[in-house]
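Here's the structure, in structure tokens; my notes come after.
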Amino acid sequence: LPALLWADKVAERTERAGRPFEATESPDASVGERLLGLVLEARASGVDPEQALRSAVRDRLRNP
């Protein structure tokens, strides 16, 4: 799976197992940690992170 989908699936599975991921909120966090935090934020808001990213890219291509 692509990394974004994989992160979403792992977050879903760990939540179901009662061990949810927690985002690292340090300004020194790596790009990967910040991306994971965004995936977790999207899930908490009920947003599909994969679809949200696809929509943002599509919108940017239409309106540069």
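If you're wondering about the labels, chains in the structure tokens are A, B, ... by order shown, residues count from 1 in each chain, ligands from 1 in order shown.
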
Margin query: Report as an MDAnalysis selection string all protein, DNA and RNA residues lying within 8 Å of Arg34 in chain A, evaluated on only C-alpha atoms, omitting residues in the same chain fewer than 3 positions from it.
Written below: chainID A and resid 23:25 29:31 37:38

Note to self: Applying 9 Å and only C-alpha atoms, which residues near range 10-19 of chain A remain after dropping the ones on its own chain fewer than 4 positions away? List them as a ChimeraX atom specification.
What the structure shows: /A:5-6,39-40,43

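Computed from the coordinates, the CA of Pro49 in chain A to CA of Asp28 in chain A distance equals 23.0 Å.
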
Margin query: For the structure I just gave you, how does DSSP split range 2-61 of chain A - specifically, which residues are helix (DSSP H, G or I)? Reply as a PyMOL selection string.
Written below: chain A and resi 3-16+31-44+49-61

Next item on the list: For Arg54 in chain A, work out the shell of residues within 12 Å, counting only C-alpha atoms and skipping chain neighbours fewer than 6 positions away, then give it as a ChimeraX atom specification.
Entry: /A:4-5,48,60-61

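Pairwise distance (CA of Glu22 in chain A, CA of Glu41 in chain A) equals 9.7 Å.
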
Notebook entry, point to check: By how many Å are CA of Glu50 in chain A and CA of Asp8 in chain A apart?
Noted result: 8.3 Å
